[in-house]
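The file structure-v1.cif comes next; it holds mmCIF, C-alpha atoms.
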data_model
loop_
_atom_site.label_atom_id
_atom_site.label_comp_id
_atom_site.auth_asym_id
_atom_site.auth_seq_id
_atom_site.Cartn_x
_atom_site.Cartn_y
_atom_site.Cartn_z
CA MET A 535 -48.16 -112.18 25.80
CA SER A 536 -46.55 -108.96 24.73
CA THR A 537 -48.44 -105.92 23.59
CA ALA A 538 -47.24 -103.63 20.83
CA ALA A 539 -46.11 -100.21 21.95
CA PRO A 540 -48.59 -97.51 20.96
CA SER A 541 -47.52 -95.46 17.95
CA ARG A 542 -46.18 -92.04 18.66
CA VAL A 543 -48.74 -89.31 18.14
CA ARG A 544 -47.51 -85.93 17.00
CA ARG A 545 -49.50 -83.19 18.67
CA VAL A 546 -48.08 -80.50 16.37
CA HIS A 547 -47.39 -81.25 12.73
CA PRO A 548 -43.69 -80.57 11.91
CA ALA A 549 -44.81 -78.18 9.17
CA TRP A 550 -45.75 -75.66 11.84
CA TRP A 551 -42.27 -75.85 13.41
CA VAL A 552 -40.73 -75.25 9.99
CA ALA A 553 -43.05 -72.28 9.51
CA ALA A 554 -42.10 -70.91 12.94
CA VAL A 555 -38.34 -71.02 12.36
CA THR A 556 -38.83 -69.60 8.85
CA PHE A 557 -40.73 -66.71 10.44
CA LEU A 558 -37.83 -66.07 12.82
CA ALA A 559 -35.29 -66.22 9.99
CA LEU A 560 -37.27 -63.65 8.02
CA VAL A 561 -37.50 -61.38 11.06
CA GLY A 562 -33.77 -61.71 11.74
CA ALA A 563 -32.86 -60.89 8.15
CA ALA A 564 -35.27 -57.97 8.21
CA ALA A 565 -33.36 -56.25 11.00
CA PHE A 566 -30.86 -54.67 8.65
CA ARG A 567 -33.58 -53.58 6.26
CA ALA A 568 -34.81 -51.26 9.00
CA VAL A 569 -31.53 -49.34 8.96
CA PRO A 570 -31.47 -47.19 5.80
CA GLY A 571 -34.53 -45.05 6.52
CA VAL A 572 -33.26 -44.14 9.99
CA LEU A 573 -29.61 -43.59 9.04
CA ILE A 574 -29.97 -41.36 5.97
CA ASP A 575 -29.70 -38.18 8.06
CA PRO A 576 -26.81 -39.43 10.29
CA LEU A 577 -24.81 -40.47 7.21
CA ARG A 578 -25.45 -37.12 5.55
CA ALA A 579 -24.26 -35.37 8.70
CA GLU A 580 -21.07 -37.43 9.10
CA PHE A 581 -19.94 -37.91 5.50
CA GLY A 582 -21.69 -35.10 3.66
CA TRP A 583 -23.27 -37.50 1.17
CA SER A 584 -26.42 -36.36 -0.65
CA VAL A 585 -29.78 -38.09 -0.30
CA SER A 586 -29.39 -39.30 -3.89
CA THR A 587 -26.02 -40.94 -3.12
CA ILE A 588 -27.36 -42.79 -0.09
CA SER A 589 -30.55 -43.68 -1.96
CA ALA A 590 -28.44 -45.22 -4.73
CA ALA A 591 -27.03 -47.75 -2.25
CA VAL A 592 -30.54 -48.49 -0.99
CA ALA A 593 -31.70 -48.92 -4.59
CA VAL A 594 -28.94 -51.46 -5.34
CA ASN A 595 -29.91 -53.35 -2.19
CA MET A 596 -33.57 -53.50 -3.16
CA ALA A 597 -32.89 -54.48 -6.76
CA LEU A 598 -30.58 -57.34 -5.74
CA TYR A 599 -33.02 -58.32 -3.00
CA GLY A 600 -35.54 -59.03 -5.73
CA LEU A 601 -33.31 -60.30 -8.53
CA THR A 602 -31.70 -62.85 -6.21
CA ALA A 603 -35.06 -64.37 -5.27
CA PRO A 604 -35.69 -66.63 -8.30
CA PHE A 605 -32.13 -67.99 -8.20
CA ALA A 606 -32.47 -68.53 -4.44
CA ALA A 607 -35.63 -70.55 -5.03
CA ALA A 608 -33.73 -72.71 -7.54
CA LEU A 609 -30.77 -73.06 -5.15
CA MET A 610 -33.15 -74.26 -2.44
CA GLU A 611 -34.22 -77.00 -4.82
CA ARG A 612 -30.59 -77.91 -5.51
CA PHE A 613 -28.97 -77.62 -2.07
CA GLY A 614 -31.89 -77.50 0.36
CA ILE A 615 -33.61 -74.74 2.28
CA ARG A 616 -31.48 -74.97 5.42
CA ARG A 617 -28.10 -74.52 3.71
CA VAL A 618 -29.26 -71.57 1.64
CA VAL A 619 -30.86 -69.78 4.60
CA VAL A 620 -27.82 -70.26 6.88
CA CYS A 621 -25.45 -68.89 4.21
CA ALA A 622 -27.81 -65.99 3.54
CA LEU A 623 -27.98 -65.01 7.21
CA LEU A 624 -24.18 -65.10 7.49
CA LEU A 625 -23.75 -62.92 4.38
CA THR A 626 -26.29 -60.43 5.69
CA ALA A 627 -24.50 -60.22 9.05
CA LEU A 628 -21.13 -59.77 7.31
CA GLY A 629 -22.36 -56.94 5.12
CA SER A 630 -24.06 -55.20 8.01
CA GLY A 631 -21.11 -55.54 10.40
CA LEU A 632 -18.49 -54.23 7.97
CA THR A 633 -20.39 -50.96 7.44
CA VAL A 634 -18.86 -49.62 10.65
CA PHE A 635 -15.50 -49.39 8.85
CA MET A 636 -16.66 -47.62 5.67
CA THR A 637 -15.27 -44.20 4.74
CA ALA A 638 -16.45 -43.76 1.12
CA SER A 639 -19.78 -43.95 -0.67
CA TRP A 640 -18.68 -46.86 -2.89
CA GLN A 641 -18.22 -48.94 0.26
CA LEU A 642 -21.79 -48.09 1.21
CA VAL A 643 -22.96 -49.42 -2.16
CA LEU A 644 -20.80 -52.54 -1.82
CA LEU A 645 -21.97 -53.42 1.71
CA TRP A 646 -25.51 -52.08 1.94
CA GLY A 647 -26.19 -52.67 -1.71
CA PHE A 648 -24.48 -55.87 -2.81
CA ALA A 649 -23.68 -57.93 0.32
CA VAL A 650 -26.88 -57.31 2.25
CA GLY A 651 -28.97 -57.28 -0.94
CA LEU A 652 -27.74 -60.75 -1.90
CA GLY A 653 -28.09 -62.10 1.64
CA THR A 654 -31.59 -60.83 2.33
CA GLY A 655 -32.67 -61.60 -1.24
CA SER A 656 -31.88 -65.26 -0.64
CA MET A 657 -34.49 -65.22 2.12
CA ALA A 658 -37.03 -63.09 0.31
CA LEU A 659 -40.54 -64.17 -0.58
CA SER A 660 -39.14 -67.05 -2.62
CA LEU A 661 -38.45 -68.67 0.77
CA VAL A 662 -42.11 -68.14 1.69
CA ALA A 663 -43.21 -69.68 -1.60
CA THR A 664 -40.87 -72.65 -1.21
CA VAL A 665 -41.80 -73.43 2.41
CA THR A 666 -45.54 -73.11 1.85
CA GLY A 667 -45.34 -75.09 -1.39
CA ARG A 668 -43.38 -77.98 0.16
CA TRP A 669 -44.84 -78.21 3.64
CA PHE A 670 -48.47 -77.13 3.27
CA VAL A 671 -51.41 -78.13 1.12
CA ALA A 672 -54.10 -76.90 3.48
CA ARG A 673 -53.81 -73.38 4.94
CA ARG A 674 -51.32 -72.21 2.29
CA GLY A 675 -52.88 -68.76 2.05
CA LEU A 676 -52.88 -68.29 5.81
CA VAL A 677 -49.29 -69.49 6.25
CA SER A 678 -48.01 -67.35 3.36
CA GLY A 679 -49.67 -64.37 5.02
CA ILE A 680 -48.03 -65.10 8.39
CA LEU A 681 -44.56 -65.60 6.88
CA THR A 682 -44.84 -62.51 4.70
CA ALA A 683 -45.79 -60.53 7.76
CA GLY A 684 -42.63 -61.80 9.48
CA GLY A 685 -40.35 -60.35 6.82
CA ALA A 686 -42.18 -57.08 6.37
CA THR A 687 -42.97 -56.51 10.02
CA GLY A 688 -39.49 -57.31 11.27
CA GLN A 689 -37.90 -54.49 9.33
CA LEU A 690 -40.51 -52.01 10.57
CA VAL A 691 -40.62 -53.07 14.21
CA PHE A 692 -36.84 -52.69 14.40
CA LEU A 693 -37.12 -49.04 13.32
CA PRO A 694 -37.69 -47.40 16.73
CA VAL A 695 -34.96 -49.59 18.24
CA VAL A 696 -32.49 -48.62 15.52
CA ALA A 697 -33.49 -44.96 15.82
CA ALA A 698 -33.01 -45.00 19.59
CA VAL A 699 -29.63 -46.75 19.34
CA ALA A 700 -28.47 -44.36 16.61
CA GLU A 701 -29.04 -41.43 18.98
CA THR A 702 -26.79 -42.93 21.67
CA SER A 703 -23.06 -42.39 21.95
CA GLY A 704 -22.48 -45.34 19.61
CA GLY A 705 -24.44 -43.64 16.84
CA TRP A 706 -25.30 -45.37 13.60
CA ARG A 707 -22.39 -47.82 14.00
CA ALA A 708 -23.95 -49.28 17.12
CA ALA A 709 -27.22 -49.68 15.22
CA SER A 710 -25.48 -51.57 12.40
CA LEU A 711 -23.74 -53.92 14.84
CA GLY A 712 -27.04 -54.54 16.61
CA THR A 713 -28.71 -55.65 13.40
CA THR A 714 -25.70 -57.90 12.71
CA ALA A 715 -26.29 -59.60 16.06
CA ALA A 716 -29.99 -60.07 15.25
CA ALA A 717 -29.17 -61.93 12.03
CA LEU A 718 -26.53 -64.12 13.72
CA ALA A 719 -28.88 -65.01 16.58
CA VAL A 720 -31.21 -66.83 14.21
CA VAL A 721 -28.52 -69.06 12.63
CA PRO A 722 -28.49 -71.77 15.35
CA LEU A 723 -32.28 -72.08 15.25
CA VAL A 724 -32.27 -72.48 11.48
CA ALA A 725 -29.53 -75.12 11.62
CA TRP A 726 -31.41 -77.02 14.32
CA LEU A 727 -35.08 -76.86 13.30
CA LEU A 728 -35.39 -76.04 9.60
CA ARG A 729 -35.86 -79.11 7.43
CA ASP A 730 -36.01 -79.30 3.66
CA ARG A 731 -38.94 -81.62 3.06
CA PRO A 732 -41.69 -83.46 5.00
CA ARG A 733 -40.19 -86.82 4.03
CA ASP A 734 -37.03 -85.87 5.96
CA VAL A 735 -38.95 -86.26 9.22
CA GLY A 736 -41.24 -89.06 8.07
CA VAL A 737 -44.44 -87.11 7.47
CA VAL A 738 -46.50 -85.84 4.55
CA PRO A 739 -47.24 -82.15 3.87
CA TYR A 740 -49.82 -80.61 6.17
CA GLY A 741 -53.25 -81.38 4.74
CA GLY A 742 -51.76 -83.39 1.86
CA THR A 743 -50.49 -86.81 0.87
CA ALA A 744 -47.13 -88.33 -0.03
CA ALA A 745 -47.82 -87.46 -3.68
CA ASP A 746 -47.67 -83.76 -2.75
CA ASP A 747 -44.06 -84.13 -1.58
CA VAL A 748 -42.52 -84.00 -5.04
CA ASP A 749 -38.88 -84.79 -5.75
CA PRO A 750 -36.48 -81.79 -5.78
CA VAL A 751 -34.54 -80.63 -8.82
CA ARG A 752 -30.94 -81.55 -7.95
CA THR A 753 -29.13 -80.07 -10.96
CA GLY A 754 -29.18 -76.92 -13.04
CA ALA A 755 -30.36 -74.40 -10.44
CA ALA A 756 -29.49 -71.42 -12.66
CA ARG A 757 -31.13 -73.04 -15.67
CA ALA A 758 -34.24 -73.73 -13.59
CA ALA A 759 -34.43 -70.08 -12.60
CA VAL A 760 -34.05 -68.89 -16.19
CA ARG A 761 -36.60 -71.44 -17.39
CA GLY A 762 -39.02 -70.08 -14.81
CA LEU A 763 -38.65 -66.62 -16.31
CA VAL A 764 -39.00 -67.87 -19.88
CA GLU A 765 -42.07 -69.92 -18.98
CA GLY A 766 -43.67 -67.06 -17.10
CA ALA A 767 -42.95 -64.51 -19.81
CA ARG A 768 -45.02 -66.53 -22.29
CA HIS A 769 -48.20 -65.93 -20.34
CA ARG A 770 -50.14 -62.70 -19.95
CA PRO A 771 -50.91 -63.19 -16.22
CA PHE A 772 -47.17 -63.11 -15.47
CA TRP A 773 -46.81 -59.60 -16.92
CA LEU A 774 -49.93 -58.35 -15.17
CA LEU A 775 -48.78 -59.75 -11.83
CA ALA A 776 -45.24 -58.44 -12.35
CA GLY A 777 -46.54 -54.99 -13.30
CA GLY A 778 -48.75 -54.81 -10.23
CA PHE A 779 -45.99 -56.04 -7.97
CA PHE A 780 -43.54 -53.49 -9.45
CA ILE A 781 -45.92 -50.78 -8.25
CA CYS A 782 -46.44 -52.57 -4.94
CA GLY A 783 -42.72 -52.42 -4.20
CA LEU A 784 -42.50 -48.84 -5.43
CA SER A 785 -45.23 -47.69 -3.05
CA THR A 786 -44.00 -49.54 0.07
CA ASN A 787 -40.38 -50.72 0.43
CA GLY A 788 -39.08 -48.24 -2.15
CA LEU A 789 -40.79 -45.02 -1.15
CA VAL A 790 -42.44 -45.17 2.27
CA GLN A 791 -39.87 -47.27 4.08
CA PRO A 792 -36.69 -45.26 3.31
CA HIS A 793 -38.24 -41.82 2.73
CA PHE A 794 -41.13 -41.49 5.18
CA ILE A 795 -38.85 -40.61 8.09
CA PRO A 796 -36.83 -37.94 6.19
CA ALA A 797 -40.08 -36.54 4.76
CA ALA A 798 -41.64 -36.30 8.21
CA HIS A 799 -38.44 -34.72 9.54
CA ASP A 800 -38.65 -32.12 6.76
CA HIS A 801 -41.96 -31.02 8.30
CA GLY A 802 -40.51 -30.78 11.81
CA MET A 803 -41.44 -34.19 13.20
CA PRO A 804 -38.75 -35.79 15.41
CA VAL A 805 -36.98 -38.78 13.86
CA THR A 806 -37.87 -41.08 16.75
CA THR A 807 -41.56 -40.19 16.40
CA ALA A 808 -41.51 -40.89 12.67
CA ALA A 809 -39.67 -44.17 13.25
CA SER A 810 -42.26 -45.17 15.85
CA LEU A 811 -45.01 -44.52 13.31
CA LEU A 812 -43.37 -46.90 10.86
CA ALA A 813 -43.11 -49.43 13.66
CA VAL A 814 -46.88 -49.15 14.09
CA VAL A 815 -47.17 -49.90 10.37
CA GLY A 816 -45.26 -53.10 11.10
CA LEU A 817 -47.57 -54.09 13.93
CA PHE A 818 -50.73 -53.63 11.89
CA ASP A 819 -49.05 -55.33 8.96
CA ILE A 820 -49.16 -58.59 10.92
CA ALA A 821 -52.94 -58.41 11.24
CA GLY A 822 -53.44 -57.19 7.68
CA THR A 823 -51.28 -59.81 6.01
CA VAL A 824 -52.56 -62.74 8.06
CA PHE A 825 -56.15 -61.64 7.42
CA SER A 826 -55.33 -61.27 3.73
CA GLY A 827 -54.03 -64.84 3.71
CA TRP A 828 -57.28 -65.99 5.34
CA LEU A 829 -59.31 -64.09 2.74
CA THR A 830 -57.22 -65.49 -0.10
CA ASP A 831 -58.32 -69.02 0.85
CA ARG A 832 -61.95 -67.88 0.49
CA ALA A 833 -62.26 -65.00 -2.02
CA ASP A 834 -61.23 -64.09 -5.56
CA PRO A 835 -57.60 -62.91 -5.23
CA ARG A 836 -58.06 -60.46 -8.13
CA VAL A 837 -60.79 -58.60 -6.24
CA LEU A 838 -58.57 -58.46 -3.16
CA LEU A 839 -55.73 -56.92 -5.19
CA LEU A 840 -58.14 -54.40 -6.74
CA ALA A 841 -59.16 -53.25 -3.26
CA TYR A 842 -55.64 -53.23 -1.81
CA TYR A 843 -54.05 -51.21 -4.61
CA GLY A 844 -56.98 -48.84 -5.07
CA LEU A 845 -57.21 -47.89 -1.41
CA ARG A 846 -53.42 -47.58 -1.16
CA GLY A 847 -53.36 -45.11 -4.04
CA ALA A 848 -56.09 -42.98 -2.48
CA SER A 849 -54.23 -42.82 0.82
CA LEU A 850 -50.99 -41.69 -0.85
CA PHE A 851 -52.78 -38.77 -2.49
CA LEU A 852 -53.75 -37.61 1.01
CA LEU A 853 -50.37 -38.15 2.68
CA PRO A 854 -48.69 -34.77 1.87
CA THR A 855 -51.47 -32.94 3.72
CA LEU A 856 -50.95 -35.06 6.86
CA PHE A 857 -47.31 -34.19 7.62
CA GLY A 858 -46.57 -31.70 10.38
CA PRO A 859 -44.43 -31.17 13.48
CA HIS A 860 -47.11 -32.66 15.70
CA LEU A 861 -48.86 -36.01 15.52
CA HIS A 862 -52.54 -35.82 14.58
CA VAL A 863 -55.31 -38.39 14.42
CA SER A 864 -55.37 -38.19 10.61
CA MET A 865 -51.74 -39.31 10.41
CA VAL A 866 -52.40 -42.15 12.85
CA ALA A 867 -55.32 -43.26 10.67
CA PHE A 868 -53.05 -43.29 7.61
CA ILE A 869 -50.44 -45.34 9.45
CA VAL A 870 -52.99 -47.90 10.63
CA PHE A 871 -54.44 -48.30 7.15
CA TYR A 872 -51.05 -48.49 5.46
CA GLY A 873 -50.00 -51.13 7.95
CA LEU A 874 -53.03 -53.27 7.16
CA ASP A 875 -52.33 -52.87 3.43
CA TRP A 876 -48.49 -53.00 3.47
CA VAL A 877 -47.92 -56.50 2.06
CA ALA A 878 -51.48 -57.75 2.07
CA THR A 879 -50.95 -58.07 -1.69
CA VAL A 880 -48.59 -61.03 -1.30
CA PRO A 881 -51.00 -63.91 -0.47
CA PRO A 882 -53.38 -63.21 -3.41
CA THR A 883 -50.45 -62.65 -5.78
CA LEU A 884 -48.88 -65.94 -4.71
CA ALA A 885 -52.24 -67.69 -5.07
CA LEU A 886 -52.59 -66.44 -8.65
CA CYS A 887 -49.05 -67.65 -9.41
CA ARG A 888 -49.93 -71.11 -8.12
CA GLU A 889 -53.15 -71.09 -10.11
CA HIS A 890 -51.44 -70.29 -13.40
CA PHE A 891 -48.01 -71.95 -13.00
CA GLY A 892 -48.56 -74.95 -10.71
CA ALA A 893 -45.39 -76.65 -9.48
CA ARG A 894 -43.26 -73.94 -11.12
CA ALA A 895 -44.94 -71.27 -9.00
CA PRO A 896 -42.08 -70.69 -6.48
CA VAL A 897 -39.54 -69.88 -9.21
CA VAL A 898 -42.03 -67.89 -11.31
CA PHE A 899 -43.12 -66.01 -8.20
CA GLY A 900 -39.45 -65.30 -7.55
CA TRP A 901 -39.39 -63.35 -10.82
CA VAL A 902 -42.65 -61.60 -10.00
CA PHE A 903 -41.09 -60.63 -6.69
CA ALA A 904 -37.99 -59.44 -8.57
CA SER A 905 -40.23 -56.91 -10.30
CA HIS A 906 -41.44 -55.83 -6.84
CA GLN A 907 -37.89 -55.04 -5.80
CA VAL A 908 -36.99 -53.36 -9.08
CA GLY A 909 -39.94 -51.08 -8.36
CA SER A 910 -38.59 -50.58 -4.85
CA ALA A 911 -35.17 -49.65 -6.22
CA PHE A 912 -36.73 -47.26 -8.72
CA ALA A 913 -38.65 -45.45 -5.99
CA ALA A 914 -35.81 -45.49 -3.46
CA PHE A 915 -33.51 -43.68 -5.90
CA GLY A 916 -36.23 -41.62 -7.58
CA GLY A 917 -37.59 -40.40 -4.25
CA GLY A 918 -34.15 -39.14 -3.28
CA VAL A 919 -33.74 -37.36 -6.63
CA ILE A 920 -37.16 -35.70 -6.32
CA ARG A 921 -36.27 -34.52 -2.81
CA ASP A 922 -32.92 -33.09 -3.96
CA VAL A 923 -34.36 -31.38 -7.05
CA THR A 924 -37.67 -30.03 -5.72
CA GLY A 925 -36.86 -29.76 -2.02
CA SER A 926 -39.95 -31.83 -1.17
CA TYR A 927 -41.27 -35.38 -1.43
CA ASP A 928 -44.79 -34.30 -2.45
CA LEU A 929 -44.41 -35.18 -6.14
CA ALA A 930 -43.17 -38.65 -5.20
CA TRP A 931 -46.30 -39.36 -3.13
CA PHE A 932 -48.62 -38.20 -5.92
CA LEU A 933 -46.87 -40.26 -8.59
CA ALA A 934 -46.97 -43.38 -6.40
CA GLY A 935 -50.68 -42.86 -5.73
CA GLY A 936 -51.47 -42.68 -9.43
CA LEU A 937 -49.47 -45.81 -10.17
CA CYS A 938 -51.32 -47.73 -7.45
CA LEU A 939 -54.57 -47.06 -9.29
CA LEU A 940 -52.93 -48.51 -12.40
CA ALA A 941 -51.92 -51.61 -10.41
CA ALA A 942 -55.54 -52.07 -9.35
CA ALA A 943 -56.62 -52.07 -13.01
CA LEU A 944 -53.88 -54.55 -13.98
CA SER A 945 -54.86 -56.95 -11.20
CA ILE A 946 -58.57 -57.13 -11.93
CA SER A 947 -57.85 -57.78 -15.63
CA ILE A 948 -56.14 -61.13 -14.88
CA ARG A 949 -58.26 -64.01 -16.13
CA ARG A 950 -58.97 -66.85 -13.74
CA ARG A 951 -57.76 -70.29 -14.76
CA PRO A 952 -60.65 -72.78 -14.64
CA VAL A 953 -60.12 -75.64 -12.24
CA PRO A 954 -60.23 -78.95 -14.13
CA VAL A 955 -63.05 -81.23 -13.07
CA ALA A 956 -61.93 -84.78 -12.43
CA PRO A 957 -63.98 -87.37 -14.33
CA ALA A 958 -66.28 -89.47 -12.25
CA VAL A 959 -64.83 -92.86 -11.37
CA PRO A 960 -67.37 -95.69 -11.31
CA THR A 961 -67.41 -97.52 -8.03
CA GLU A 962 -67.53 -101.26 -7.57
CA PRO A 963 -70.96 -102.41 -6.41
CA THR A 964 -71.14 -103.71 -2.89
CA THR A 965 -72.07 -107.29 -2.20
CA ALA A 966 -75.55 -106.26 -1.15
CA SER A 967 -76.18 -104.12 -4.19
CA ALA A 968 -74.73 -106.80 -6.48
CA ALA A 969 -77.02 -109.34 -4.96
CA THR A 970 -79.97 -107.03 -5.49
CA THR A 971 -78.95 -106.43 -9.08
CA HIS A 972 -78.53 -110.06 -9.99
CA GLY A 973 -81.11 -111.53 -7.68
#

Can you turn what I pasted into structure tokens?
Amino acid sequence: MSTAAPSRVRRVHPAWWVAAVTFLALVGAAAFRAVPGVLIDPLRAEFGWSVSTISAAVAVNMALYGLTAPFAAALMERFGIRRVVVCALLLTALGSGLTVFMTASWQLVLLWGFAVGLGTGSMALSLVATVTGRWFVARRGLVSGILTAGGATGQLVFLPVVAAVAETSGGWRAASLGTTAAALAVVPLVAWLLRDRPRDVGVVPYGGTAADDVDPVRTGAARAAVRGLVEGARHRPFWLLAGGFFICGLSTNGLVQPHFIPAAHDHGMPVTTAASLLAVVGLFDIAGTVFSGWLTDRADPRVLLLAYYGLRGASLFLLPTLFGPHLHVSMVAFIVFYGLDWVATVPPTLALCREHFGARAPVVFGWVFASHQVGSAFAAFGGGVIRDVTGSYDLAWFLAGGLCLLAAALSISIRRRPVPVAPAVPTEPTTASAATTHG
């Protein structure tokens, strides 16, 4: 007699490996996004460019980072996640590496703005939406929080490293080459471990069934992206989410990330100290975003957004009074809170997109995220203009604080979509019950 070999038991669902390598890809791509805030002063010193000129390149980067996202989500449907992410990492590394040869401000816009903006935009939150939508049914809020933290935290944790390298003999060029290496280091892992769909490795989505692994759209990626915008624009929740996310990007990536360090330096704080504070933001962002994902699985996402935006606005009103040459407890408290709140808005925003747009949510969310980055671009350039015109960033902080309160009002006004109740299906009587009935 021969016995059948026992079936292979997977101790870890492949979805978690896909999530892990996606996390690393987002961290690797985020390396370059740590550069602009640290290198504004070195570029001013070497080339004589104004803050507005450098901020313009950062603004182009942030705008493309967002506007690329919905098309990247559609391209992932057409060509697969792995191909798009590998190409995006290579483009990011190319744009970052070539900055060491630039001599004019238009080259800064071309490399920092266009090349890196397109590369990192192809791995923006649309990647998070696509991976969580394909690979997870259970724990979607938690996983989206973890992956979002990877992208946001990576760019902040790299800050003290970039600042320290920029102060060495290699200067800002060494920092740019270092971030190039970080992006390239992730490419082999993505090519090896990242898979497009659960069916590719013979499993179903985590917590789901085979029916949850829907067929990809193989043609018309650009049309799919445009259709996502047209479909979203017909519904009021899209505009409310996009408006809130515009302000979210304005008050984080657009204003705090590139301008916090120069603002702190204006008040006598060393650049490395200010960069370390932003790194602390990144560390607490991990806890805040993961916890936000956990809460999103259990609470009304509108209420979460109301709290996140409202508290963020209040903290920005206080920020101008906290700057100084020395580090005080009040500034540390601001940094800890801002870290917890940095991108905690993403899981509830993504949940509301799924609620209102269903299977189209990744592409629609790509457009909502585009508004986030347009807001970032607006603040990145506007903050530089305010600094050049008034000699201070104070007005920028106050304006951002007021807009955050507006975002809180927009978020709570979104109507919930009622969950359809499945009709009861009559069950076949068991033999015993049938016998009782007819006996």

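The nearest approach to Ala841 of chain A among the residues A:Ala943, A:Ala895, A:Ala821, A:Leu884, with only C-alpha atoms taken into account, belongs to A:Ala943.
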
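What the PyMOL selection byres ((chain A and resi 916) around 10) matches in the given file is A:Ser586, A:Ser589, A:Ala590, A:Ala593, A:Leu784, A:Gly788, A:Leu789, A:Ser910, A:Ala911, A:Phe912, A:Ala913, A:Ala914, A:Phe915, A:Gly917, A:Gly918, A:Val919, A:Ile920, A:Arg921, A:Asp922, A:Ala930.
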
Result set of the PyMOL selection byres ((chain A and resi 592) around 12) on the coordinates above, as an MDAnalysis selection string: chainID A and resid 566:571 573:574 585:591 593:599 639 642:651 787:789 791:793 907:908 910:918

Result set, the PyMOL selection byres ((chain A and resi 727) around 8) on current file, as a ChimeraX atom specification: /A:551-552,555,723-726,728-729

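Coordinates place atom CA of Gly873 of chain A at a distance of 8.1 Å from atom CA of Ile820 of chain A.
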
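Separating atom CA of Ala627 of chain A from atom CA of Ala708 of chain A is a distance of 13.6 Å.
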
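Atom pair atom CA of Ala622 of chain A / atom CA of Ala813 of chain A: separated by 24.7 Å.
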
Spatial neighbours of Ser864 of chain A, max dist 12 Å, all atoms listed in the file, sep filter under 4 positions, as a VMD selection string: chain A and resid 849 852 to 858 860 868 to 871

Spatial neighbours of segment 761-773 of chain A, 6 Å, only C-alpha atoms, chain gap at least 3 places, as a list in words: Arg757, Ala758, Ala776, Gly777, Val897, Val898 and Ile948 of chain A

Emit the selected residues as a PDB file, in the coordinates of the input, including C-alpha atoms.
ATOM      1  CA  ARG A 757     -31.130 -73.040 -15.670  1.00  0.00           C
ATOM      2  CA  ALA A 758     -34.240 -73.730 -13.590  1.00  0.00           C
ATOM      3  CA  ALA A 776     -45.240 -58.440 -12.350  1.00  0.00           C
ATOM      4  CA  GLY A 777     -46.540 -54.990 -13.300  1.00  0.00           C
ATOM      5  CA  VAL A 897     -39.540 -69.880  -9.210  1.00  0.00           C
ATOM      6  CA  VAL A 898     -42.030 -67.890 -11.310  1.00  0.00           C
ATOM      7  CA  ILE A 948     -56.140 -61.130 -14.880  1.00  0.00           C
TER       8      ILE A 948
END

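Proximity to Ser810 of chain A was assessed for A:Pro694, A:Gly935, A:Pro739, A:Gly562 counting all atoms listed in the file; the smallest distance is recorded for A:Pro694.
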
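You can rank A:Ala553, A:Leu886, A:Ala716, A:Leu681 by their closest distance to Arg950 of chain A using only C-alpha atoms, and at the top of that list sits A:Leu886.
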
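Taking all atoms listed in the file into account, Gly816 of chain A lies nearest to A:Thr682 out of the set A:Thr556, A:Thr682, A:Thr830, A:Thr602.
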
All residues 12 Å or closer to Gly802 of chain A, only C-alpha atoms, same chain fewer than 4 positions away omitted, as a PyMOL selection string: chain A and resi 795-798+806-808+857-861

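Using only C-alpha atoms for every distance, the candidate list A:Asp875, A:Glu580, A:Asp928, A:Asp831 yields A:Asp928 as the residue closest to Phe851 of chain A.
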
Just give me the residues with any atom within 9 Å of (-45.5, -84.0, 12.2), file coordinates, counting only C-alpha atoms, written as a tab-separated table (two decimals) with C-alpha atoms, in the coordinates of the input.
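New file result00.tsv:
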chain	number	residue	atom	x	y	z
A	543	VAL	CA	-48.74	-89.31	18.14
A	544	ARG	CA	-47.51	-85.93	17.00
A	545	ARG	CA	-49.50	-83.19	18.67
A	546	VAL	CA	-48.08	-80.50	16.37
A	547	HIS	CA	-47.39	-81.25	12.73
A	548	PRO	CA	-43.69	-80.57	11.91
A	549	ALA	CA	-44.81	-78.18	9.17
A	550	TRP	CA	-45.75	-75.66	11.84
A	551	TRP	CA	-42.27	-75.85	13.41
A	732	PRO	CA	-41.69	-83.46	5.00
A	735	VAL	CA	-38.95	-86.26	9.22
A	736	GLY	CA	-41.24	-89.06	8.07
A	737	VAL	CA	-44.44	-87.11	7.47
A	738	VAL	CA	-46.50	-85.84	4.55
A	739	PRO	CA	-47.24	-82.15	3.87
A	740	TYR	CA	-49.82	-80.61	6.17

Might I get the box with edges along x, y and z of the file that holds all atoms of segment 831-848 of chain A listed there, padded by 6 Å on every side, given as centre and edge lengths in Å to one decimal, as JSON?
{"center_x": -57.8, "center_y": -56.0, "center_z": -3.6, "size_x": 20.9, "size_y": 38.0, "size_z": 21.0}

Best match for closeness to His801 of chain A among A:Phe692, A:Phe891, A:Tyr927, A:Phe903, counting only C-alpha atoms: A:Tyr927
